[in-house]
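Undergrad: Got start23.cif for you, mmCIF, C-alpha atoms:
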```
data_query
#
loop_
_atom_site.label_atom_id
_atom_site.label_comp_id
_atom_site.auth_asym_id
_atom_site.auth_seq_id
_atom_site.Cartn_x
_atom_site.Cartn_y
_atom_site.Cartn_z
CA MET R 1 -229.69 37.83 -5.01
CA GLU R 2 -231.16 35.37 -2.59
CA ASN R 3 -230.95 35.01 1.15
CA ILE R 4 -230.97 31.50 2.57
CA LYS R 5 -231.01 30.32 6.15
CA THR R 6 -229.96 26.80 7.09
CA ASP R 7 -228.12 24.77 9.70
CA ILE R 8 -225.15 23.70 7.61
CA CYS R 9 -223.82 25.21 4.41
CA ILE R 10 -221.97 22.58 2.39
CA VAL R 11 -219.51 23.93 -0.17
CA GLY R 12 -219.23 21.38 -2.97
CA ALA R 13 -221.90 19.06 -4.38
CA GLY R 14 -219.62 16.11 -5.11
CA PRO R 15 -220.25 12.65 -3.62
CA VAL R 16 -218.84 13.61 -0.24
CA GLY R 17 -220.81 16.86 -0.06
CA LEU R 18 -223.99 14.96 -0.93
CA PHE R 19 -223.36 12.24 1.62
CA ALA R 20 -222.71 14.93 4.24
CA VAL R 21 -226.36 15.95 3.70
CA PHE R 22 -227.33 12.38 4.62
CA GLU R 23 -225.25 12.22 7.78
CA ALA R 24 -226.44 15.67 8.86
CA GLY R 25 -230.03 14.74 8.01
CA LEU R 26 -229.94 11.70 10.29
CA LEU R 27 -229.22 14.16 13.08
CA LYS R 28 -232.04 16.47 11.96
CA MET R 29 -229.74 19.15 10.63
CA HIS R 30 -230.82 20.97 7.45
CA CYS R 31 -228.30 21.58 4.70
CA HIS R 32 -227.85 23.96 1.82
CA VAL R 33 -225.32 22.90 -0.84
CA VAL R 34 -223.42 25.34 -3.06
CA ASP R 35 -221.37 24.41 -6.11
CA ALA R 36 -219.64 26.40 -8.84
CA LEU R 37 -220.71 23.80 -11.40
CA PRO R 38 -224.24 23.83 -12.79
CA ALA R 39 -224.93 20.19 -11.84
CA VAL R 40 -224.43 18.09 -8.71
CA GLY R 41 -221.82 15.31 -8.61
CA GLY R 42 -218.58 17.27 -8.89
CA GLN R 43 -215.84 15.39 -10.74
CA LEU R 44 -218.05 12.33 -11.07
CA THR R 45 -220.54 14.25 -13.19
CA GLU R 46 -218.15 16.64 -14.85
CA ILE R 47 -215.17 14.46 -15.66
CA TYR R 48 -215.98 10.75 -15.59
CA PRO R 49 -219.73 10.06 -15.40
CA LYS R 50 -219.34 6.88 -17.49
CA LYS R 51 -216.34 5.47 -15.65
CA PRO R 52 -216.90 2.55 -13.28
CA ILE R 53 -215.79 2.87 -9.66
CA TYR R 54 -214.83 -0.36 -7.92
CA ASP R 55 -214.07 0.69 -4.35
CA ILE R 56 -217.44 1.78 -3.02
CA PRO R 57 -218.34 -0.72 -0.27
CA GLY R 58 -221.29 -2.87 -1.30
CA TYR R 59 -220.99 -2.03 -4.99
CA PRO R 60 -218.70 -4.40 -6.90
CA GLU R 61 -218.90 -1.86 -9.71
CA VAL R 62 -220.85 1.37 -10.07
CA LEU R 63 -220.75 4.05 -12.75
CA ALA R 64 -219.75 7.42 -11.33
CA GLY R 65 -222.94 8.97 -12.73
CA ASP R 66 -225.08 6.28 -11.11
CA LEU R 67 -223.40 6.74 -7.75
CA VAL R 68 -224.34 10.43 -7.88
CA LYS R 69 -227.95 9.55 -8.80
CA ASN R 70 -228.14 7.11 -5.90
CA LEU R 71 -226.72 9.64 -3.47
CA GLN R 72 -229.31 12.19 -4.62
CA LYS R 73 -232.03 9.62 -3.95
CA GLN R 74 -230.51 8.76 -0.58
CA ILE R 75 -230.64 12.37 0.63
CA GLU R 76 -234.13 13.16 -0.69
CA PRO R 77 -235.85 12.63 2.69
CA PHE R 78 -233.73 15.42 4.14
CA HIS R 79 -234.82 17.98 1.51
CA PRO R 80 -231.52 19.74 0.97
CA THR R 81 -231.59 23.00 -0.98
CA PHE R 82 -229.03 23.93 -3.63
CA THR R 83 -227.32 26.92 -5.20
CA LEU R 84 -225.63 25.61 -8.34
CA GLY R 85 -223.47 27.43 -10.87
CA GLU R 86 -222.25 29.91 -8.28
CA ARG R 87 -218.78 29.80 -6.77
CA VAL R 88 -218.48 30.73 -3.10
CA GLU R 89 -216.51 33.92 -2.49
CA ASN R 90 -216.65 35.02 1.12
CA LEU R 91 -216.98 33.52 4.55
CA ASP R 92 -217.98 35.95 7.30
CA LYS R 93 -218.17 34.90 10.92
CA GLN R 94 -220.91 36.69 12.84
CA GLU R 95 -220.71 37.86 16.43
CA ASP R 96 -222.92 35.01 17.61
CA GLY R 97 -220.52 32.47 16.07
CA SER R 98 -222.72 31.74 13.05
CA PHE R 99 -221.59 32.33 9.46
CA ILE R 100 -222.64 34.02 6.27
CA VAL R 101 -221.35 32.44 3.09
CA THR R 102 -221.61 34.66 0.01
CA THR R 103 -221.41 33.44 -3.58
CA VAL R 104 -219.99 35.25 -6.58
CA ALA R 105 -223.56 36.11 -7.63
CA GLY R 106 -224.31 37.64 -4.24
CA THR R 107 -226.41 34.80 -2.80
CA LYS R 108 -226.05 34.83 0.98
CA ILE R 109 -226.33 31.69 3.07
CA ALA R 110 -226.69 32.18 6.82
CA CYS R 111 -225.70 29.02 8.68
CA LYS R 112 -224.45 27.67 11.98
CA ALA R 113 -221.66 25.56 10.50
CA VAL R 114 -219.79 25.40 7.20
CA VAL R 115 -218.58 22.16 5.62
CA ILE R 116 -216.08 22.51 2.80
CA ALA R 117 -216.29 19.47 0.53
CA GLY R 118 -214.64 21.19 -2.39
CA GLY R 119 -212.73 18.28 -3.91
CA LEU R 120 -210.16 19.54 -6.38
CA GLY R 121 -211.36 23.10 -5.90
CA SER R 122 -212.97 25.06 -8.67
CA PHE R 123 -211.74 25.15 -12.24
CA GLU R 124 -209.96 28.41 -13.03
CA PRO R 125 -208.31 29.53 -16.27
CA ARG R 126 -204.69 28.43 -16.61
CA LYS R 127 -202.49 31.51 -16.82
CA PRO R 128 -199.28 31.52 -18.86
CA ALA R 129 -196.13 32.59 -17.00
CA ILE R 130 -195.68 36.11 -18.37
CA GLU R 131 -194.23 38.79 -16.17
CA ASN R 132 -196.70 41.50 -15.09
CA LEU R 133 -199.57 39.67 -16.81
CA GLU R 134 -201.79 39.95 -13.75
CA ASP R 135 -201.25 43.72 -13.58
CA TYR R 136 -203.16 44.01 -16.86
CA GLU R 137 -206.10 41.82 -15.86
CA GLY R 138 -209.22 43.85 -16.50
CA LYS R 139 -207.10 46.35 -18.42
CA GLY R 140 -206.91 44.41 -21.66
CA VAL R 141 -205.96 40.96 -20.38
CA THR R 142 -208.73 38.44 -19.80
CA TYR R 143 -208.92 34.64 -19.83
CA MET R 144 -212.44 34.16 -21.12
CA VAL R 145 -214.48 35.61 -23.96
CA LEU R 146 -217.72 36.36 -22.16
CA ASP R 147 -219.22 38.99 -24.44
CA PRO R 148 -217.79 38.87 -27.98
CA GLU R 149 -219.38 42.27 -28.78
CA LYS R 150 -216.87 43.85 -26.43
CA TYR R 151 -214.22 43.15 -29.06
CA ARG R 152 -216.04 44.64 -32.06
CA ASP R 153 -213.65 46.76 -34.15
CA LYS R 154 -210.88 46.23 -31.61
CA ARG R 155 -207.45 44.64 -31.97
CA VAL R 156 -207.26 41.28 -30.19
CA VAL R 157 -204.45 38.77 -29.64
CA LEU R 158 -205.54 35.23 -28.73
CA ALA R 159 -203.10 32.57 -27.53
CA GLY R 160 -203.56 28.81 -27.34
CA GLY R 161 -203.97 25.74 -29.47
CA GLY R 162 -207.01 24.00 -28.05
CA ASP R 163 -210.60 23.95 -29.17
CA SER R 164 -211.59 27.17 -27.46
CA ALA R 165 -208.71 29.07 -29.10
CA LEU R 166 -209.81 27.78 -32.53
CA ASP R 167 -213.52 28.40 -31.94
CA TRP R 168 -213.02 31.96 -30.75
CA THR R 169 -210.62 32.71 -33.58
CA ILE R 170 -213.31 31.69 -36.06
CA PHE R 171 -215.99 33.65 -34.24
CA LEU R 172 -213.98 36.81 -33.64
CA ALA R 173 -212.50 36.96 -37.15
CA ASP R 174 -215.55 38.88 -38.36
CA VAL R 175 -215.93 40.92 -35.19
CA CYS R 176 -212.45 42.33 -34.54
CA LYS R 177 -210.64 44.99 -36.47
CA GLU R 178 -207.44 42.97 -36.20
CA LEU R 179 -207.16 39.43 -34.87
CA THR R 180 -203.97 37.50 -34.10
CA LEU R 181 -203.75 33.89 -32.98
CA VAL R 182 -200.48 32.89 -31.34
CA HIS R 183 -199.86 29.15 -31.06
CA ARG R 184 -196.84 27.33 -29.68
CA GLY R 185 -197.06 24.42 -32.14
CA THR R 186 -197.39 24.06 -35.89
CA THR R 187 -200.55 21.98 -35.92
CA PHE R 188 -203.82 21.99 -34.04
CA ARG R 189 -205.26 18.97 -32.29
CA GLY R 190 -208.73 20.41 -32.05
CA ALA R 191 -211.58 19.52 -34.39
CA PRO R 192 -209.99 19.23 -37.89
CA GLU R 193 -212.71 21.33 -39.53
CA SER R 194 -212.00 24.16 -37.07
CA ALA R 195 -208.27 23.99 -37.81
CA GLU R 196 -209.01 24.12 -41.55
CA LYS R 197 -211.28 27.12 -41.10
CA VAL R 198 -208.60 28.96 -39.15
CA ALA R 199 -206.04 28.19 -41.87
CA ALA R 200 -208.46 29.52 -44.50
CA LEU R 201 -209.09 32.69 -42.49
CA ALA R 202 -205.34 33.19 -42.24
CA GLU R 203 -205.01 32.87 -46.01
CA GLU R 204 -207.76 35.42 -46.55
CA GLY R 205 -205.84 37.76 -44.29
CA LYS R 206 -208.64 37.86 -41.72
CA VAL R 207 -206.47 36.31 -39.03
CA ASN R 208 -202.82 36.91 -38.37
CA LEU R 209 -201.71 33.37 -37.53
CA MET R 210 -198.40 33.14 -35.66
CA LEU R 211 -197.28 29.53 -35.28
CA LYS R 212 -194.27 28.20 -33.33
CA SER R 213 -194.69 31.35 -31.27
CA ASN R 214 -195.26 32.43 -27.71
CA VAL R 215 -196.37 35.68 -26.15
CA THR R 216 -193.55 36.56 -23.80
CA GLU R 217 -194.17 40.13 -22.73
CA VAL R 218 -197.07 42.54 -22.24
CA PHE R 219 -196.76 46.34 -22.37
CA GLY R 220 -198.82 49.45 -21.79
CA GLU R 221 -199.01 52.61 -19.71
CA ASP R 222 -202.38 52.45 -17.93
CA LYS R 223 -203.80 49.62 -19.98
CA LEU R 224 -202.55 46.99 -22.41
CA GLU R 225 -201.11 48.48 -25.58
CA ALA R 226 -198.94 45.74 -27.09
CA VAL R 227 -197.58 42.23 -26.60
CA ASN R 228 -194.24 40.79 -27.63
CA VAL R 229 -194.33 37.53 -29.55
CA HIS R 230 -191.28 35.30 -29.83
CA LEU R 231 -191.07 33.09 -32.89
CA GLU R 232 -189.18 29.90 -32.04
CA SER R 233 -187.70 31.88 -29.11
CA VAL R 234 -185.56 33.91 -31.50
CA VAL R 235 -187.40 36.50 -33.54
CA HIS R 236 -189.38 39.13 -31.65
CA HIS R 237 -192.51 40.74 -33.00
CA LYS R 238 -194.23 43.56 -31.22
CA VAL R 239 -197.96 43.33 -31.86
CA GLU R 240 -200.00 46.38 -30.92
CA THR R 241 -203.32 45.34 -29.44
CA ASP R 242 -206.23 46.37 -27.26
CA TYR R 243 -206.82 42.91 -25.78
CA PHE R 244 -204.79 39.80 -25.02
CA ILE R 245 -206.79 36.66 -24.29
CA PRO R 246 -204.75 33.56 -23.34
CA LEU R 247 -206.94 30.44 -23.76
CA PHE R 248 -205.00 27.62 -22.13
CA GLY R 249 -207.81 25.61 -20.61
CA LEU R 250 -208.75 25.23 -16.98
CA VAL R 251 -206.88 24.04 -13.94
CA PRO R 252 -208.39 23.16 -10.57
CA LYS R 253 -207.55 25.71 -7.86
CA LEU R 254 -208.69 26.33 -4.32
CA GLY R 255 -210.00 29.68 -5.49
CA PRO R 256 -211.40 32.17 -2.98
CA ILE R 257 -211.29 29.55 -0.17
CA ASP R 258 -207.58 30.33 -0.21
CA ASN R 259 -208.36 33.68 1.48
CA TRP R 260 -210.64 32.44 4.24
CA GLY R 261 -207.87 32.23 6.85
CA LEU R 262 -207.80 28.44 6.85
CA GLU R 263 -204.60 26.60 7.65
CA LEU R 264 -203.38 25.12 4.38
CA GLU R 265 -200.72 22.63 3.41
CA LYS R 266 -199.90 22.08 -0.27
CA ASN R 267 -203.25 23.42 -1.47
CA ALA R 268 -205.24 21.29 0.98
CA ILE R 269 -207.03 22.28 4.20
CA VAL R 270 -205.45 20.99 7.39
CA VAL R 271 -207.99 19.27 9.66
CA ASN R 272 -208.17 17.58 13.04
CA THR R 273 -209.07 13.93 12.47
CA VAL R 274 -211.24 13.82 15.60
CA ASP R 275 -214.02 15.57 13.70
CA TYR R 276 -212.44 16.99 10.52
CA SER R 277 -212.66 20.50 11.89
CA THR R 278 -210.38 23.21 10.57
CA ASN R 279 -208.54 25.92 12.49
CA ILE R 280 -211.74 28.03 12.32
CA PRO R 281 -214.27 26.71 14.87
CA GLY R 282 -217.49 25.78 13.08
CA VAL R 283 -215.79 25.21 9.73
CA TYR R 284 -215.11 21.64 8.64
CA ALA R 285 -213.32 20.24 5.59
CA ILE R 286 -214.04 16.75 4.25
CA GLY R 287 -213.10 14.72 1.19
CA ASP R 288 -210.29 15.39 -1.28
CA ILE R 289 -209.86 19.00 -0.19
CA ASN R 290 -208.52 18.21 3.29
CA THR R 291 -205.22 16.80 4.49
CA TYR R 292 -204.03 15.03 7.63
CA PRO R 293 -201.40 12.40 8.40
CA GLY R 294 -202.39 9.27 6.49
CA LYS R 295 -204.89 11.04 4.24
CA LEU R 296 -206.15 8.99 1.32
CA LYS R 297 -208.08 10.74 -1.42
CA LEU R 298 -210.83 8.16 -1.71
CA ILE R 299 -214.58 8.64 -1.87
CA LEU R 300 -215.07 6.10 0.90
CA CYS R 301 -212.75 8.03 3.21
CA GLY R 302 -214.75 11.18 2.47
CA PHE R 303 -217.95 9.35 3.49
CA HIS R 304 -216.37 8.39 6.82
CA GLU R 305 -215.21 11.97 7.34
CA ALA R 306 -218.76 13.20 6.69
CA ALA R 307 -220.14 10.98 9.47
CA LEU R 308 -217.62 12.21 12.03
CA MET R 309 -218.11 15.81 10.96
CA ALA R 310 -221.87 15.50 11.48
CA GLN R 311 -221.64 14.35 15.09
CA SER R 312 -219.34 17.29 15.86
CA ALA R 313 -221.47 19.84 13.98
CA TYR R 314 -224.49 18.57 15.96
CA ASN R 315 -223.00 20.17 19.07
CA ILE R 316 -222.91 23.50 17.25
CA VAL R 317 -226.37 23.29 15.70
CA TYR R 318 -228.01 21.88 18.87
CA PRO R 319 -225.80 23.10 21.73
CA ASP R 320 -228.38 22.10 24.36
CA LYS R 321 -228.93 18.54 23.16
CA LYS R 322 -226.77 15.52 23.70
CA TYR R 323 -225.60 13.57 20.68
CA VAL R 324 -226.74 9.96 20.62
CA LEU R 325 -225.65 7.58 17.88
CA LYS R 326 -228.71 6.20 16.15
CA TYR R 327 -228.70 3.23 13.82
CA THR R 328 -230.78 3.48 10.66
CA THR R 329 -231.62 -0.21 11.07
CA VAL R 330 -233.31 0.62 14.39
CA ASN R 331 -234.77 4.03 13.65
CA GLY R 332 -235.14 4.08 9.89
CA ILE R 333 -234.97 7.41 8.12
CA GLN R 334 -236.99 10.26 9.54
CA GLU R 335 -237.81 12.87 6.96
CA ILE R 336 -236.91 16.44 7.94
CA MET I 1 -184.01 -4.53 -6.44
CA GLU I 2 -185.51 -7.02 -8.81
CA ASP I 3 -188.32 -5.77 -11.00
CA ALA I 4 -187.16 -2.20 -10.60
CA ILE I 5 -185.81 0.47 -12.88
CA THR I 6 -184.04 3.75 -12.32
CA ILE I 7 -185.50 7.08 -13.37
CA TYR I 8 -183.49 10.28 -13.15
CA VAL I 9 -184.82 13.71 -12.24
CA GLU I 10 -182.74 16.61 -13.49
CA GLN I 11 -182.44 19.31 -10.85
CA ASP I 12 -182.16 23.05 -11.47
CA ASN I 13 -178.37 22.78 -11.17
CA GLY I 14 -178.24 20.09 -13.86
CA GLU I 15 -177.58 17.22 -11.47
CA ARG I 16 -179.51 14.05 -12.34
CA VAL I 17 -180.82 12.44 -9.17
CA PRO I 18 -181.79 8.76 -9.46
CA VAL I 19 -185.14 7.41 -8.25
CA GLU I 20 -185.72 3.67 -8.01
CA ALA I 21 -189.09 2.57 -9.35
CA PRO I 22 -190.70 -0.88 -9.06
CA THR I 23 -192.19 -2.15 -12.32
CA ASP I 24 -194.53 -4.71 -10.79
CA MET I 25 -196.94 -2.42 -8.94
CA GLY I 26 -198.74 -0.73 -11.82
CA LEU I 27 -197.48 2.70 -10.81
CA SER I 28 -197.16 5.83 -12.90
CA VAL I 29 -194.08 8.04 -13.03
CA MET I 30 -196.16 10.71 -11.26
CA GLU I 31 -196.83 8.35 -8.35
CA ILE I 32 -193.14 7.48 -8.12
CA LEU I 33 -192.17 11.17 -8.10
CA LYS I 34 -194.74 11.96 -5.41
CA ALA I 35 -193.60 9.01 -3.30
CA SER I 36 -190.04 10.33 -3.62
CA GLU I 37 -191.12 13.64 -2.09
CA TYR I 38 -190.89 15.62 -5.30
CA ASP I 39 -193.17 18.59 -5.02
CA ILE I 40 -195.63 17.99 -7.83
CA PRO I 41 -199.27 18.79 -7.07
CA ALA I 42 -200.85 16.14 -9.36
CA ILE I 43 -204.16 17.56 -8.19
CA CYS I 44 -206.43 15.36 -10.26
CA GLY I 45 -204.77 12.16 -9.11
CA GLY I 46 -203.89 10.78 -12.53
CA MET I 47 -206.79 11.49 -14.87
CA ALA I 48 -204.87 13.74 -17.30
CA ILE I 49 -207.13 16.68 -16.55
CA CYS I 50 -205.02 19.11 -14.54
CA ALA I 51 -201.49 18.88 -16.01
CA THR I 52 -199.95 19.63 -12.63
CA CYS I 53 -197.62 16.63 -13.07
CA HIS I 54 -196.15 18.00 -16.30
CA VAL I 55 -192.57 16.84 -17.03
CA GLU I 56 -190.19 17.31 -19.91
CA VAL I 57 -188.55 14.08 -21.06
CA LEU I 58 -184.84 14.76 -21.58
CA GLU I 59 -183.68 11.23 -22.39
CA SER I 60 -185.55 8.01 -22.98
CA GLY I 61 -185.93 4.98 -25.14
CA GLU I 62 -189.12 4.51 -27.11
CA LEU I 63 -192.06 5.83 -25.09
CA PRO I 64 -195.69 4.92 -25.69
CA GLU I 65 -197.52 7.64 -27.65
CA PRO I 66 -199.67 9.96 -25.57
CA SER I 67 -203.37 9.07 -25.49
CA ASP I 68 -205.79 11.56 -27.03
CA ASP I 69 -206.65 12.94 -23.59
CA GLU I 70 -202.99 13.50 -22.76
CA ALA I 71 -202.17 14.94 -26.19
CA PHE I 72 -205.08 17.40 -25.99
CA MET I 73 -203.94 18.52 -22.56
CA LEU I 74 -200.31 18.94 -23.66
CA GLU I 75 -201.46 20.89 -26.70
CA SER I 76 -203.27 23.38 -24.51
CA LEU I 77 -200.41 24.04 -22.08
CA PRO I 78 -198.55 27.34 -22.41
CA HIS I 79 -195.12 25.94 -21.52
CA ALA I 80 -195.06 22.50 -23.09
CA THR I 81 -192.16 21.44 -25.31
CA GLU I 82 -191.87 18.79 -28.04
CA THR I 83 -191.00 16.18 -25.41
CA SER I 84 -193.45 17.20 -22.71
CA ARG I 85 -195.48 14.47 -21.03
CA LEU I 86 -197.95 14.16 -18.20
CA SER I 87 -196.08 11.93 -15.76
CA CYS I 88 -199.37 10.45 -14.52
CA GLN I 89 -199.84 8.88 -17.94
CA LEU I 90 -196.40 7.21 -18.09
CA ARG I 91 -196.59 3.69 -16.66
CA VAL I 92 -193.44 2.42 -14.97
CA THR I 93 -192.35 -0.47 -17.22
CA PRO I 94 -188.91 -2.01 -17.87
CA GLU I 95 -188.73 0.02 -21.11
CA LEU I 96 -188.60 3.23 -19.07
CA ASP I 97 -185.26 2.30 -17.43
CA GLY I 98 -182.87 5.25 -17.63
CA LEU I 99 -185.62 7.82 -18.29
CA VAL I 100 -184.50 11.36 -17.53
CA VAL I 101 -187.14 13.99 -16.79
CA ARG I 102 -187.25 17.57 -15.67
CA LEU I 103 -190.19 18.85 -13.62
CA MET I 104 -192.00 21.66 -15.39
CA PRO I 105 -193.38 24.70 -13.56
CA GLU I 106 -196.78 24.14 -12.01
CA ALA I 107 -199.49 24.64 -14.57
#
```
Mind converting the file's structure to structure tokens?
TA:
Amino acid sequence: MENIKTDICIVGAGPVGLFAVFEAGLLKMHCHVVDALPAVGGQLTEIYPKKPIYDIPGYPEVLAGDLVKNLQKQIEPFHPTFTLGERVENLDKQEDGSFIVTTVAGTKIACKAVVIAGGLGSFEPRKPAIENLEDYEGKGVTYMVLDPEKYRDKRVVLAGGGDSALDWTIFLADVCKELTLVHRGTTFRGAPESAEKVAALAEEGKVNLMLKSNVTEVFGEDKLEAVNVHLESVVHHKVETDYFIPLFGLVPKLGPIDNWGLELEKNAIVVNTVDYSTNIPGVYAIGDINTYPGKLKLILCGFHEAALMAQSAYNIVYPDKKYVLKYTTVNGIQEI
Amino acid sequence: MEDAITIYVEQDNGERVPVEAPTDMGLSVMEILKASEYDIPAICGGMAICATCHVEVLESGELPEPSDDEAFMLESLPHATETSRLSCQLRVTPELDGLVVRLMPEA
């Protein structure tokens, strides 16, 4: 656990979050950037680092990964600090109007203003629509295999047809007492050698492979005891089990930000376009995560929003000083 | 409208509501649905990574095969059917005229 003190806590290290460091830095405001992903760049790093972007002013064409590198270089003089690989959990407003942002790992960031540049949100496991499923979370239902040893000599039902379902089936086959893989289709698109291995394990009787099937119900008194599997939506099988682990990939969600008391509209944060402030004074939202009439989800719009946010946040960080627009051509960049 | 086709969206009550779609603007079915105020999140904006524009194709002519990215995503979805598609990956072309889709529950 770490305690950090800064002027502005930026949630999200994508291009807009990084550029917000620049705009804040010009106004001598220090920033700390938090991201759930282990690297900076957000989608640009995680999803399409090798894709060219054509609508960044001044760059006829730039690879997403290169844009992130350039932004990192651009903000160097302002010495931002980072907490990466930790998702933000809580936002607590203090009596003096400042904030404490807490991450899932317990890192606390004390700051005068919060800028949410969360893009798509954070990637959370996709949950199948099964009634009461959430009631069993932590009581036999989980969406990630964190510690395989937990399943030694236990009965486990996995569901899914992607790479992670195949990989964990292969790994857990020798660990579990009884392992079932439920898959909606008849074939697997994942790595062919993995699919072959799973088929071989099924033949050896090490894996109970249920194809063309779906888990449709979960049962148990205080914890999970069994799941119901439908074969081609007709035949029902009750499979007794200690654990049910649906592995259906990840989907971007707002995550804990959802509970911060922010005004939302269709999974986006409503802002005032004067300064991209939210309904909570001192909290701003910029980039793909916000919404307002005429919103365009473009990196260049996020950059513009960062500049306007910074001049407004300046009044919070330096309440006694007057904001004056300074041109970098006149003043250059002053390291902070 | 010239250079336009009609796509139908089947509602919960079975009614098929037409949507006019221009074929000369390089749009995807997802973009047409969004522009017609259908409530699909399409969070990722068309990169086949979130599946929140998932539709089931009920009637169509020959459709282009899903790309590997789309096929992998469809494979991993809990509620996909044999004719599921990501609407962000379906380009609006003259061949799509008469397409009937049903919006699938948000992923």
Undergrad: Write out as a Markdown table a residue-level contact list of chain R versus chain I with cut-off 10 Å: for each qualifying residue the closest pair of atoms and the distance in Å to one decimal, counting all atoms listed in the file, rows sorted by chain and residue number upward.
TA:
```
| residue | atom | partner | partner_atom | distance |
| --- | --- | --- | --- | --- |
| R:Gln43 | CA | I:Cys44 | CA | 9.4 |
| R:Ile47 | CA | I:Ile49 | CA | 8.4 |
| R:Tyr48 | CA | I:Met47 | CA | 9.2 |
| R:Gly119 | CA | I:Cys44 | CA | 9.4 |
| R:Leu120 | CA | I:Ile43 | CA | 6.6 |
| R:Gly121 | CA | I:Ile43 | CA | 9.4 |
| R:Phe123 | CA | I:Cys50 | CA | 9.3 |
| R:Arg126 | CA | I:Ala107 | CA | 6.8 |
| R:Lys127 | CA | I:Ala107 | CA | 7.8 |
| R:Pro128 | CA | I:Pro78 | CA | 5.5 |
| R:Ala129 | CA | I:Pro78 | CA | 7.9 |
| R:Ala159 | CA | I:Pro78 | CA | 8.6 |
| R:Gly160 | CA | I:Ser76 | CA | 6.1 |
| R:Gly161 | CA | I:Ser76 | CA | 5.5 |
| R:Gly162 | CA | I:Ser76 | CA | 5.2 |
| R:Asp163 | CA | I:Ser76 | CA | 8.7 |
| R:Ser164 | CA | I:Ser76 | CA | 9.6 |
| R:Ala165 | CA | I:Ser76 | CA | 9.1 |
| R:His183 | CA | I:Pro78 | CA | 8.9 |
| R:Arg184 | CA | I:Pro78 | CA | 7.5 |
| R:Gly185 | CA | I:Glu75 | CA | 7.8 |
| R:Thr187 | CA | I:Glu75 | CA | 9.3 |
| R:Phe188 | CA | I:Glu75 | CA | 7.8 |
| R:Arg189 | CA | I:Phe72 | CA | 6.5 |
| R:Gly190 | CA | I:Phe72 | CA | 7.7 |
| R:Asn214 | CA | I:Pro78 | CA | 8.1 |
| R:Val215 | CA | I:Pro78 | CA | 9.4 |
| R:Pro246 | CA | I:Pro78 | CA | 8.8 |
| R:Leu247 | CA | I:Ser76 | CA | 8.0 |
| R:Phe248 | CA | I:Ser76 | CA | 5.2 |
| R:Gly249 | CA | I:Ser76 | CA | 6.4 |
| R:Leu250 | CA | I:Cys50 | CA | 7.6 |
| R:Val251 | CA | I:Cys50 | CA | 5.3 |
| R:Pro252 | CA | I:Cys50 | CA | 6.6 |
| R:Lys253 | CA | I:Ile43 | CA | 8.8 |
| R:Lys266 | CA | I:Pro41 | CA | 7.6 |
| R:Asn267 | CA | I:Pro41 | CA | 8.3 |
| R:Ala268 | CA | I:Ile43 | CA | 10.0 |
| R:Asp288 | CA | I:Ile43 | CA | 9.5 |
| R:Ile289 | CA | I:Ile43 | CA | 9.9 |
| R:Lys297 | CA | I:Gly45 | CA | 8.5 |
```
Undergrad: R:Gly220, R:Pro256, R:Gly42, R:Pro57: which is nearest Val141 of chain R, counting only C-alpha atoms?
TA: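 Between R:Gly220, R:Pro256, R:Gly42, R:Pro57, the residue approaching Val141 of chain R most closely is R:Gly220.
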Undergrad: Once the PyMOL selection byres ((chain R and resi 86-102) around 8) has been applied to the shown file, what residues remain in the selection, as JSON, numbers by chain?
TA: {"R": [9, 11, 34, 35, 36, 37, 38, 83, 84, 85, 103, 104, 105, 106, 107, 108, 109, 110, 111, 112, 113, 114, 122, 256, 257, 260, 282]}
Undergrad: To one decimal in Å, tell me the separation between atom CA of Lys51 of chain R and atom CA of Leu18 of chain R.
TA: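 Going from atom CA of Lys51 of chain R over to atom CA of Leu18 of chain R, I get 19.1 Å.
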Undergrad: Do you have the atom CA of Ala21 of chain I-atom CA of Val9 of chain I distance handy?
TA: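 We find that atom CA of Ala21 of chain I and atom CA of Val9 of chain I lie 12.3 Å from each other.
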Undergrad: Could you pull the residues within 9 Å of segment 11-19 of chain I, counting all atoms listed in the file, minus those fewer than 3 positions along the same chain, as a PDB file with C-alpha atoms, in the frame of the given file?
TA:
```pdb
ATOM      1  CA  ILE I   5    -185.810   0.470 -12.880  1.00  0.00           C
ATOM      2  CA  THR I   6    -184.040   3.750 -12.320  1.00  0.00           C
ATOM      3  CA  ILE I   7    -185.500   7.080 -13.370  1.00  0.00           C
ATOM      4  CA  TYR I   8    -183.490  10.280 -13.150  1.00  0.00           C
ATOM      5  CA  ILE I  32    -193.140   7.480  -8.120  1.00  0.00           C
ATOM      6  CA  LEU I  33    -192.170  11.170  -8.100  1.00  0.00           C
ATOM      7  CA  SER I  36    -190.040  10.330  -3.620  1.00  0.00           C
ATOM      8  CA  GLY I  98    -182.870   5.250 -17.630  1.00  0.00           C
ATOM      9  CA  VAL I 100    -184.500  11.360 -17.530  1.00  0.00           C
ATOM     10  CA  VAL I 101    -187.140  13.990 -16.790  1.00  0.00           C
ATOM     11  CA  ARG I 102    -187.250  17.570 -15.670  1.00  0.00           C
ATOM     12  CA  LEU I 103    -190.190  18.850 -13.620  1.00  0.00           C
TER      13      LEU I 103
END
```
Undergrad: Starting from the displayed file, determine the output of the PyMOL selection byres ((chain I and resi 95) around 10) and express the residue list as a ChimeraX atom specification.
TA: /I:5,23,60-64,91-94,96-99
Undergrad: Give me, please, the distance in Å between atom CA of Glu193 of chain R and atom CA of Leu211 of chain R, quoted to one decimal.
TA: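 Going from atom CA of Glu193 of chain R over to atom CA of Leu211 of chain R covers 18.0 Å.
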Undergrad: With all atoms listed in the file as the atoms that count, which of I:Glu37, I:Glu20, I:Glu65, I:Glu10 lies nearest to Leu90 of chain I?
TA: I:Glu65
